[in-house]
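Source file input.cif; content: mmCIF, C-alpha atoms and all ligand atoms.
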```cif
data_structure
loop_
_atom_site.label_atom_id
_atom_site.label_comp_id
_atom_site.auth_asym_id
_atom_site.auth_seq_id
_atom_site.Cartn_x
_atom_site.Cartn_y
_atom_site.Cartn_z
CA MET A 1 15.44 16.27 7.17
CA SER A 2 15.19 12.60 6.18
CA LYS A 3 14.16 11.77 2.65
CA GLY A 4 10.62 10.62 1.96
CA PHE A 5 10.02 7.02 1.05
CA LEU A 6 7.46 4.59 -0.27
CA LEU A 7 5.70 2.39 2.26
CA VAL A 8 4.17 -0.51 0.39
CA LEU A 9 1.43 -2.40 2.23
CA SER A 10 0.14 -5.63 0.72
CA GLY A 11 -1.89 -8.52 2.00
CA PRO A 12 -4.76 -10.67 0.84
CA SER A 13 -8.29 -9.38 0.55
CA GLY A 14 -9.73 -9.47 4.07
CA SER A 15 -6.39 -8.98 5.82
CA GLY A 16 -7.64 -5.53 6.76
CA LYS A 17 -5.30 -3.31 4.71
CA GLY A 18 -7.96 -0.63 4.33
CA THR A 19 -8.84 -0.49 8.02
CA VAL A 20 -5.21 -0.54 9.14
CA SER A 21 -4.16 2.16 6.64
CA GLU A 22 -7.04 4.38 7.69
CA ALA A 23 -6.18 4.00 11.38
CA LEU A 24 -2.52 4.72 10.61
CA MET A 25 -3.36 7.80 8.55
CA ASN A 26 -5.68 9.12 11.27
CA LYS A 27 -2.87 8.85 13.80
CA ARG A 28 -0.07 10.48 11.83
CA ASP A 29 0.48 13.53 9.71
CA ASP A 30 3.74 12.48 8.10
CA ILE A 31 2.10 9.89 5.84
CA VAL A 32 0.14 10.56 2.66
CA PHE A 33 -2.01 7.95 0.99
CA SER A 34 -1.59 7.22 -2.69
CA ILE A 35 -5.04 7.00 -4.28
CA SER A 36 -5.03 4.28 -6.92
CA ALA A 37 -6.90 4.18 -10.19
CA THR A 38 -9.13 1.20 -10.90
CA THR A 39 -11.63 -0.14 -13.40
CA ARG A 40 -13.56 -1.75 -10.53
CA LYS A 41 -17.04 -0.38 -9.89
CA PRO A 42 -17.33 1.70 -6.68
CA ARG A 43 -18.79 -0.02 -3.62
CA PRO A 44 -21.79 1.79 -2.08
CA ASN A 45 -19.70 3.68 0.51
CA GLU A 46 -16.82 4.58 -1.84
CA VAL A 47 -16.17 8.06 -3.22
CA ASN A 48 -14.38 8.82 -6.47
CA GLY A 49 -11.10 10.62 -5.80
CA GLU A 50 -11.10 9.56 -2.13
CA ASN A 51 -11.00 5.77 -2.14
CA TYR A 52 -9.99 5.33 -5.77
CA PHE A 53 -10.10 7.12 -9.07
CA PHE A 54 -12.78 5.03 -10.75
CA LEU A 55 -12.00 4.84 -14.45
CA THR A 56 -13.39 3.17 -17.55
CA HIS A 57 -11.22 0.59 -19.28
CA ASP A 58 -10.37 3.15 -22.00
CA GLU A 59 -9.34 5.80 -19.48
CA PHE A 60 -7.17 3.29 -17.63
CA GLU A 61 -5.56 2.08 -20.86
CA MET A 62 -4.82 5.67 -21.89
CA MET A 63 -3.07 6.45 -18.60
CA LYS A 64 -1.08 3.24 -18.89
CA LYS A 65 -0.08 4.02 -22.48
CA ASN A 66 1.05 7.51 -21.43
CA GLY A 67 3.33 6.07 -18.73
CA GLU A 68 1.32 7.66 -15.94
CA PHE A 69 1.47 4.63 -13.63
CA LEU A 70 4.28 3.73 -11.26
CA GLU A 71 2.94 0.17 -11.41
CA SER A 72 -0.25 -1.48 -12.53
CA ALA A 73 -1.79 -4.94 -12.35
CA PHE A 74 -4.85 -7.04 -13.06
CA VAL A 75 -6.12 -8.09 -9.63
CA HIS A 76 -9.01 -10.50 -9.09
CA THR A 77 -11.15 -9.27 -12.02
CA ASN A 78 -10.12 -5.63 -12.50
CA TYR A 79 -7.20 -3.34 -13.33
CA TYR A 80 -5.50 -1.23 -10.68
CA GLY A 81 -2.66 1.27 -10.94
CA THR A 82 -0.68 3.78 -8.88
CA PRO A 83 -0.57 7.28 -10.43
CA LYS A 84 3.11 8.21 -10.65
CA ARG A 85 3.12 12.01 -10.46
CA PHE A 86 1.53 12.30 -6.99
CA VAL A 87 3.89 9.73 -5.47
CA MET A 88 7.04 11.32 -6.90
CA ASP A 89 6.01 14.85 -5.82
CA GLU A 90 5.29 13.77 -2.25
CA ILE A 91 8.55 11.80 -1.90
CA GLU A 92 10.37 14.88 -3.10
CA LYS A 93 8.71 16.87 -0.29
CA GLY A 94 10.02 14.35 2.28
CA GLU A 95 6.71 12.58 2.91
CA ILE A 96 6.12 8.89 3.53
CA VAL A 97 3.79 7.72 0.78
CA LEU A 98 1.57 4.75 1.65
CA LEU A 99 0.74 2.42 -1.23
CA GLU A 100 -1.93 -0.18 -0.54
CA ILE A 101 -1.35 -2.51 -3.47
CA ASP A 102 -1.27 -6.19 -4.40
CA VAL A 103 1.81 -8.40 -4.62
CA GLN A 104 2.24 -8.02 -8.41
CA GLY A 105 2.39 -4.24 -8.02
CA ALA A 106 4.74 -4.53 -5.04
CA LEU A 107 7.14 -6.66 -7.08
CA GLN A 108 7.16 -4.04 -9.85
CA ILE A 109 7.99 -1.34 -7.31
CA LYS A 110 10.70 -3.51 -5.76
CA LYS A 111 12.47 -3.75 -9.09
CA ASN A 112 12.56 0.00 -9.63
CA TYR A 113 12.59 1.65 -6.20
CA LYS A 114 15.28 0.20 -4.00
CA GLU A 115 14.50 2.46 -1.05
CA ALA A 116 10.85 1.44 -0.66
CA VAL A 117 9.78 -0.46 2.46
CA PHE A 118 7.59 -3.52 1.98
CA ILE A 119 5.13 -4.75 4.61
CA PHE A 120 2.90 -7.80 4.26
CA LEU A 121 -0.26 -7.75 6.36
CA LEU A 122 -1.54 -11.15 7.50
CA PRO A 123 -4.86 -12.20 8.99
CA PRO A 124 -4.63 -14.15 12.27
CA THR A 125 -5.95 -17.25 10.43
CA MET A 126 -7.31 -18.06 6.98
CA ASP A 127 -10.72 -18.89 8.52
CA GLU A 128 -10.84 -15.39 9.94
CA LEU A 129 -9.86 -13.99 6.54
CA ARG A 130 -12.81 -15.70 4.87
CA ASN A 131 -15.17 -14.51 7.63
CA ARG A 132 -14.03 -10.95 7.10
CA ILE A 133 -14.59 -11.03 3.34
CA VAL A 134 -18.05 -12.57 3.79
CA LYS A 135 -18.96 -10.16 6.62
CA ARG A 136 -17.98 -7.15 4.50
CA GLY A 137 -20.95 -8.05 2.31
CA THR A 138 -19.68 -6.10 -0.70
CA GLU A 139 -18.69 -9.03 -2.95
CA THR A 140 -20.71 -11.62 -4.82
CA GLU A 141 -20.32 -15.31 -3.93
CA GLU A 142 -18.10 -15.72 -7.00
CA ASP A 143 -15.93 -12.75 -6.03
CA ILE A 144 -15.57 -14.07 -2.48
CA ASN A 145 -14.31 -17.40 -3.84
CA THR A 146 -11.88 -15.67 -6.25
CA ARG A 147 -10.50 -13.46 -3.48
CA PHE A 148 -10.18 -16.37 -1.07
CA SER A 149 -8.33 -18.63 -3.50
CA ASN A 150 -6.10 -15.70 -4.57
CA ALA A 151 -5.27 -15.15 -0.88
CA PHE A 152 -3.47 -18.51 -0.75
CA LYS A 153 -1.42 -17.65 -3.85
CA GLU A 154 -0.52 -14.22 -2.45
CA LEU A 155 0.81 -15.79 0.76
CA ASP A 156 3.53 -17.45 -1.33
CA PHE A 157 5.04 -13.98 -1.85
CA VAL A 158 5.50 -13.01 1.78
CA GLY A 159 9.22 -13.83 1.44
CA GLU A 160 9.62 -10.92 -0.98
CA TYR A 161 8.67 -8.43 1.74
CA ASP A 162 10.83 -6.75 4.42
CA PHE A 163 8.34 -7.12 7.27
CA PHE A 164 5.14 -8.93 8.17
CA VAL A 165 2.45 -7.64 10.50
CA VAL A 166 -0.39 -9.78 11.86
CA ASN A 167 -3.67 -7.92 11.95
CA ASP A 168 -5.36 -9.49 14.92
CA GLU A 169 -6.17 -6.18 16.57
CA VAL A 170 -6.03 -3.07 14.35
CA GLU A 171 -4.44 -1.01 17.12
CA ASN A 172 -1.58 -3.51 17.47
CA ALA A 173 -1.05 -3.75 13.72
CA VAL A 174 -0.79 0.06 13.58
CA LYS A 175 1.73 0.05 16.45
CA ASP A 176 3.85 -2.52 14.60
CA ILE A 177 3.81 -0.43 11.43
CA GLU A 178 4.76 2.66 13.42
CA ALA A 179 7.72 0.76 14.88
CA ILE A 180 8.83 -0.12 11.35
CA ILE A 181 8.51 3.53 10.29
CA ALA A 182 10.51 4.69 13.32
CA ALA A 183 13.33 2.29 12.45
CA GLU A 184 13.26 3.27 8.78
CA ARG A 185 13.45 6.95 9.72
CA LEU A 186 16.73 6.17 11.52
CA ARG A 187 18.28 4.30 8.60
CA VAL A 188 21.60 5.96 7.92
CA LYS A 189 21.17 5.91 4.15
CA ARG A 190 18.04 8.04 4.46
CA HIS A 191 20.03 10.95 5.88
CA LYS A 192 22.59 13.36 4.56
CA ASP A 193 25.40 14.85 6.64
CA ILE A 194 24.65 13.20 9.97
CA LYS A 195 28.03 14.24 11.34
CA LEU A 196 27.60 17.83 10.24
CA SER A 197 24.17 18.12 11.81
CA VAL A 198 25.39 16.81 15.18
CA MET A 199 28.18 19.37 15.08
CA SER A 200 25.84 22.26 14.36
CA LYS A 201 24.45 24.41 17.21
CA GLU A 202 20.87 23.23 16.76
CA GLY A 203 21.87 19.58 17.02
CA LYS A 204 20.70 16.64 14.96
CA LYS A 205 18.32 17.79 12.26
CA CYS A 206 19.39 15.66 9.36
P1 LIG B 301 -10.21 -3.84 -3.65
O1 LIG B 301 -10.97 -4.12 -4.91
O2 LIG B 301 -10.61 -4.77 -2.55
O3 LIG B 301 -10.26 -2.39 -3.25
O4 LIG B 301 -8.67 -4.15 -3.97
C1 LIG B 301 -8.32 -5.38 -4.52
C2 LIG B 301 -6.82 -5.54 -4.48
O5 LIG B 301 -6.22 -4.60 -5.35
C3 LIG B 301 -6.20 -5.32 -3.11
O6 LIG B 301 -5.23 -6.33 -2.90
C4 LIG B 301 -5.55 -3.97 -3.25
O7 LIG B 301 -4.43 -3.84 -2.39
C5 LIG B 301 -5.12 -4.00 -4.69
N1 LIG B 301 -4.85 -2.66 -5.22
C6 LIG B 301 -5.46 -1.51 -4.94
N2 LIG B 301 -4.90 -0.49 -5.61
C7 LIG B 301 -3.89 -1.02 -6.32
C8 LIG B 301 -2.90 -0.47 -7.20
O8 LIG B 301 -2.84 0.72 -7.47
N3 LIG B 301 -2.02 -1.35 -7.75
C9 LIG B 301 -2.06 -2.68 -7.49
N4 LIG B 301 -1.14 -3.44 -8.06
N5 LIG B 301 -2.95 -3.22 -6.66
C10 LIG B 301 -3.85 -2.41 -6.09
#
```
When written as structure tokens, how does the structure in this file appear?
Amino acid sequence: MSKGFLLVLSGPSGSGKGTVSEALMNKRDDIVFSISATTRKPRPNEVNGENYFFLTHDEFEMMKKNGEFLESAFVHTNYYGTPKRFVMDEIEKGEIVLLEIDVQGALQIKKNYKEAVFIFLLPPTMDELRNRIVKRGTETEEDINTRFSNAFKELDFVGEYDFFVVNDEVENAVKDIEAIIAAERLRVKRHKDIKLSVMSKEGKKC
């Protein structure tokens, strides 16, 4: 069995990370989603423990102080963090763990987890990105402007990632990510005893 690994998906607000991750998760049962903690207020359709763990500033600070985050960052106007325990347990079980996080968080992971795979999701154009944020209708005018100007800064970090995927059509973006996963599954370093498994009666099961 191949080892589990972290699949880090970043991209500016409006690139469609949420939609793409959901479509990917619906299609596959070998990926688990890491639910982040945040101090952001829930949007009308969001459920605590499903979309995020919605915390107060004090609760977030306490988790951070106790070393319970794999990474954490201040994004736009709120704190976000990846709970460590869940991620480590799932990797141990051989799962692919999907982290939908910003570039600051991705850089922290890159420093500490050499075997993670980093994908940057791009909108087809920046005009389309702005349309998507506005159309979502969940942010104030001020928030929209913050997210849009942050999007330009985030694009500077695409060179830190292993792969980029353009989210023009969700279905195509998902296919691209699946191709990346398929290649990563075949990476020699993710397997033990390849020779031995080919020599066994059951064949390759490494
Ligand atoms: P939103 O408020 O739109 O749900 O997320 C805002 C940004 O925070 C997005 O770029 C999202 O990927 C990022 N984000 C969500 N969870 C985490 C996390 O646990 N860590 C970090 N660093 N960023 C996160």
Report as an mmCIF file with C-alpha atoms, keeping the file's coordinate frame which protein, DNA and RNA residues come within 8 Å of ligand LIG 301 (chain B), using all atoms listed in the file.
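Done, and the output landed in part_13.cif:
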```cif
data_model
loop_
_atom_site.group_PDB
_atom_site.id
_atom_site.type_symbol
_atom_site.label_atom_id
_atom_site.label_comp_id
_atom_site.auth_asym_id
_atom_site.auth_seq_id
_atom_site.Cartn_x
_atom_site.Cartn_y
_atom_site.Cartn_z
ATOM 1 C CA LEU A 9 1.430 -2.400 2.230
ATOM 2 C CA SER A 10 0.140 -5.630 0.720
ATOM 3 C CA GLY A 11 -1.890 -8.520 2.000
ATOM 4 C CA PRO A 12 -4.760 -10.670 0.840
ATOM 5 C CA SER A 13 -8.290 -9.380 0.550
ATOM 6 C CA LYS A 17 -5.300 -3.310 4.710
ATOM 7 C CA ILE A 35 -5.040 7.000 -4.280
ATOM 8 C CA SER A 36 -5.030 4.280 -6.920
ATOM 9 C CA ALA A 37 -6.900 4.180 -10.190
ATOM 10 C CA THR A 38 -9.130 1.200 -10.900
ATOM 11 C CA ARG A 40 -13.560 -1.750 -10.530
ATOM 12 C CA TYR A 52 -9.990 5.330 -5.770
ATOM 13 C CA GLU A 71 2.940 0.170 -11.410
ATOM 14 C CA SER A 72 -0.250 -1.480 -12.530
ATOM 15 C CA ALA A 73 -1.790 -4.940 -12.350
ATOM 16 C CA PHE A 74 -4.850 -7.040 -13.060
ATOM 17 C CA VAL A 75 -6.120 -8.090 -9.630
ATOM 18 C CA HIS A 76 -9.010 -10.500 -9.090
ATOM 19 C CA ASN A 78 -10.120 -5.630 -12.500
ATOM 20 C CA TYR A 79 -7.200 -3.340 -13.330
ATOM 21 C CA TYR A 80 -5.500 -1.230 -10.680
ATOM 22 C CA GLY A 81 -2.660 1.270 -10.940
ATOM 23 C CA THR A 82 -0.680 3.780 -8.880
ATOM 24 C CA PRO A 83 -0.570 7.280 -10.430
ATOM 25 C CA LEU A 99 0.740 2.420 -1.230
ATOM 26 C CA GLU A 100 -1.930 -0.180 -0.540
ATOM 27 C CA ILE A 101 -1.350 -2.510 -3.470
ATOM 28 C CA ASP A 102 -1.270 -6.190 -4.400
ATOM 29 C CA VAL A 103 1.810 -8.400 -4.620
ATOM 30 C CA GLN A 104 2.240 -8.020 -8.410
ATOM 31 C CA GLY A 105 2.390 -4.240 -8.020
ATOM 32 C CA ALA A 106 4.740 -4.530 -5.040
#
```
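For the set A:Leu186, A:Val158, A:Val32, A:Arg43, the residue with the smallest atom-to-atom gap to Gly137 of chain A is A:Arg43, counting all atoms listed in the file.
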* So what do you get for atom CA of Ile31 of chain A versus atom CA of Leu98 of chain A, distance-wise? ->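 Rounded to one decimal, the two atoms are 6.7 Å apart.
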* Asked: Using all atoms listed in the file, which of the listed residues (A:Gly16, A:Ala116, A:Ile181, A:Val87) sits closest to Arg132 of chain A?
  ->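 Once distances to Arg132 of chain A are computed over all atoms listed in the file, the minimum belongs to A:Gly16.
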* To do: May I ask for the distance between atom CA of Leu70 of chain A and atom CA of Lys84 of chain A, given in Å to one decimal place?
  =>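 Between atom CA of Leu70 of chain A and atom CA of Lys84 of chain A the gap is 4.7 Å.
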* Asked: With only C-alpha atoms as the atoms that count, which of A:Leu107, A:Ile133, A:Ile119, A:Met62 lies nearest to Glu178 of chain A?
  ->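 Among the listed residues, A:Ile119 lies closest to Glu178 of chain A.
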Save segment 176-187 of chain A to disk from that block, all heavy atoms included, as a PDB file, in the first residue's frame.
```pdb
ATOM      1  N   ASP A 176      -7.723  17.291 -13.976  1.00  0.00           N
ATOM      2  CA  ASP A 176      -6.295  17.634 -13.860  1.00  0.00           C
ATOM      3  C   ASP A 176      -5.755  17.221 -12.487  1.00  0.00           C
ATOM      4  O   ASP A 176      -4.657  16.662 -12.383  1.00  0.00           O
ATOM      5  CB  ASP A 176      -6.082  19.150 -14.054  1.00  0.00           C
ATOM      6  CG  ASP A 176      -6.164  19.552 -15.526  1.00  0.00           C
ATOM      7  OD1 ASP A 176      -6.172  18.651 -16.386  1.00  0.00           O
ATOM      8  OD2 ASP A 176      -6.230  20.770 -15.790  1.00  0.00           O
ATOM      9  N   ILE A 177      -6.524  17.487 -11.455  1.00  0.00           N
ATOM     10  CA  ILE A 177      -6.052  17.126 -10.103  1.00  0.00           C
ATOM     11  C   ILE A 177      -5.961  15.601  -9.966  1.00  0.00           C
ATOM     12  O   ILE A 177      -5.027  15.074  -9.367  1.00  0.00           O
ATOM     13  CB  ILE A 177      -6.955  17.756  -9.015  1.00  0.00           C
ATOM     14  CG1 ILE A 177      -6.844  19.285  -9.085  1.00  0.00           C
ATOM     15  CG2 ILE A 177      -6.572  17.245  -7.620  1.00  0.00           C
ATOM     16  CD1 ILE A 177      -7.761  20.049  -8.159  1.00  0.00           C
ATOM     17  N   GLU A 178      -6.918  14.909 -10.573  1.00  0.00           N
ATOM     18  CA  GLU A 178      -6.861  13.446 -10.515  1.00  0.00           C
ATOM     19  C   GLU A 178      -5.623  12.906 -11.237  1.00  0.00           C
ATOM     20  O   GLU A 178      -5.044  11.902 -10.824  1.00  0.00           O
ATOM     21  CB  GLU A 178      -8.128  12.841 -11.105  1.00  0.00           C
ATOM     22  CG  GLU A 178      -9.324  13.043 -10.193  1.00  0.00           C
ATOM     23  CD  GLU A 178     -10.484  12.171 -10.606  1.00  0.00           C
ATOM     24  OE1 GLU A 178     -11.091  12.485 -11.644  1.00  0.00           O
ATOM     25  OE2 GLU A 178     -10.751  11.179  -9.903  1.00  0.00           O
ATOM     26  N   ALA A 179      -5.241  13.578 -12.320  1.00  0.00           N
ATOM     27  CA  ALA A 179      -4.036  13.151 -13.051  1.00  0.00           C
ATOM     28  C   ALA A 179      -2.802  13.349 -12.162  1.00  0.00           C
ATOM     29  O   ALA A 179      -1.902  12.497 -12.128  1.00  0.00           O
ATOM     30  CB  ALA A 179      -3.893  13.950 -14.344  1.00  0.00           C
ATOM     31  N   ILE A 180      -2.784  14.439 -11.423  1.00  0.00           N
ATOM     32  CA  ILE A 180      -1.661  14.712 -10.514  1.00  0.00           C
ATOM     33  C   ILE A 180      -1.618  13.629  -9.423  1.00  0.00           C
ATOM     34  O   ILE A 180      -0.562  13.078  -9.118  1.00  0.00           O
ATOM     35  CB  ILE A 180      -1.799  16.118  -9.874  1.00  0.00           C
ATOM     36  CG1 ILE A 180      -1.687  17.200 -10.962  1.00  0.00           C
ATOM     37  CG2 ILE A 180      -0.775  16.323  -8.764  1.00  0.00           C
ATOM     38  CD1 ILE A 180      -2.116  18.589 -10.517  1.00  0.00           C
ATOM     39  N   ILE A 181      -2.793  13.296  -8.891  1.00  0.00           N
ATOM     40  CA  ILE A 181      -2.853  12.265  -7.839  1.00  0.00           C
ATOM     41  C   ILE A 181      -2.353  10.925  -8.383  1.00  0.00           C
ATOM     42  O   ILE A 181      -1.570  10.223  -7.733  1.00  0.00           O
ATOM     43  CB  ILE A 181      -4.289  12.126  -7.283  1.00  0.00           C
ATOM     44  CG1 ILE A 181      -4.671  13.391  -6.512  1.00  0.00           C
ATOM     45  CG2 ILE A 181      -4.420  10.894  -6.391  1.00  0.00           C
ATOM     46  CD1 ILE A 181      -6.130  13.455  -6.090  1.00  0.00           C
ATOM     47  N   ALA A 182      -2.796  10.591  -9.595  1.00  0.00           N
ATOM     48  CA  ALA A 182      -2.390   9.309 -10.188  1.00  0.00           C
ATOM     49  C   ALA A 182      -0.868   9.244 -10.315  1.00  0.00           C
ATOM     50  O   ALA A 182      -0.246   8.230  -9.972  1.00  0.00           O
ATOM     51  CB  ALA A 182      -3.053   9.133 -11.548  1.00  0.00           C
ATOM     52  N   ALA A 183      -0.261  10.337 -10.757  1.00  0.00           N
ATOM     53  CA  ALA A 183       1.197  10.354 -10.906  1.00  0.00           C
ATOM     54  C   ALA A 183       1.879  10.272  -9.544  1.00  0.00           C
ATOM     55  O   ALA A 183       2.856   9.537  -9.366  1.00  0.00           O
ATOM     56  CB  ALA A 183       1.624  11.621 -11.639  1.00  0.00           C
ATOM     57  N   GLU A 184       1.331  10.981  -8.572  1.00  0.00           N
ATOM     58  CA  GLU A 184       1.934  10.964  -7.230  1.00  0.00           C
ATOM     59  C   GLU A 184       1.841   9.579  -6.589  1.00  0.00           C
ATOM     60  O   GLU A 184       2.731   9.153  -5.876  1.00  0.00           O
ATOM     61  CB  GLU A 184       1.273  12.007  -6.325  1.00  0.00           C
ATOM     62  CG  GLU A 184       1.668  13.428  -6.646  1.00  0.00           C
ATOM     63  CD  GLU A 184       3.160  13.702  -6.456  1.00  0.00           C
ATOM     64  OE1 GLU A 184       3.783  13.073  -5.583  1.00  0.00           O
ATOM     65  OE2 GLU A 184       3.694  14.539  -7.195  1.00  0.00           O
ATOM     66  N   ARG A 185       0.749   8.885  -6.873  1.00  0.00           N
ATOM     67  CA  ARG A 185       0.575   7.522  -6.348  1.00  0.00           C
ATOM     68  C   ARG A 185       1.674   6.589  -6.874  1.00  0.00           C
ATOM     69  O   ARG A 185       2.009   5.599  -6.255  1.00  0.00           O
ATOM     70  CB  ARG A 185      -0.785   6.961  -6.781  1.00  0.00           C
ATOM     71  CG  ARG A 185      -1.955   7.500  -5.980  1.00  0.00           C
ATOM     72  CD  ARG A 185      -2.283   6.542  -4.866  1.00  0.00           C
ATOM     73  NE  ARG A 185      -3.541   6.817  -4.221  1.00  0.00           N
ATOM     74  CZ  ARG A 185      -3.680   6.804  -2.902  1.00  0.00           C
ATOM     75  NH1 ARG A 185      -2.647   6.596  -2.109  1.00  0.00           N
ATOM     76  NH2 ARG A 185      -4.837   7.008  -2.352  1.00  0.00           N
ATOM     77  N   LEU A 186       2.181   6.909  -8.077  1.00  0.00           N
ATOM     78  CA  LEU A 186       3.200   6.049  -8.701  1.00  0.00           C
ATOM     79  C   LEU A 186       4.622   6.503  -8.396  1.00  0.00           C
ATOM     80  O   LEU A 186       5.581   5.939  -8.929  1.00  0.00           O
ATOM     81  CB  LEU A 186       3.003   6.035 -10.225  1.00  0.00           C
ATOM     82  CG  LEU A 186       1.684   5.421 -10.694  1.00  0.00           C
ATOM     83  CD1 LEU A 186       1.523   5.593 -12.196  1.00  0.00           C
ATOM     84  CD2 LEU A 186       1.630   3.942 -10.334  1.00  0.00           C
ATOM     85  N   ARG A 187       4.767   7.515  -7.557  1.00  0.00           N
ATOM     86  CA  ARG A 187       6.105   7.993  -7.222  1.00  0.00           C
ATOM     87  C   ARG A 187       6.830   6.913  -6.407  1.00  0.00           C
ATOM     88  O   ARG A 187       6.283   6.419  -5.415  1.00  0.00           O
ATOM     89  CB  ARG A 187       5.996   9.284  -6.404  1.00  0.00           C
ATOM     90  CG  ARG A 187       7.115  10.238  -6.659  1.00  0.00           C
ATOM     91  CD  ARG A 187       6.885  11.502  -5.873  1.00  0.00           C
ATOM     92  NE  ARG A 187       6.292  12.559  -6.659  1.00  0.00           N
ATOM     93  CZ  ARG A 187       6.963  13.298  -7.543  1.00  0.00           C
ATOM     94  NH1 ARG A 187       8.244  13.096  -7.737  1.00  0.00           N
ATOM     95  NH2 ARG A 187       6.361  14.247  -8.215  1.00  0.00           N
TER      96      ARG A 187
END
```
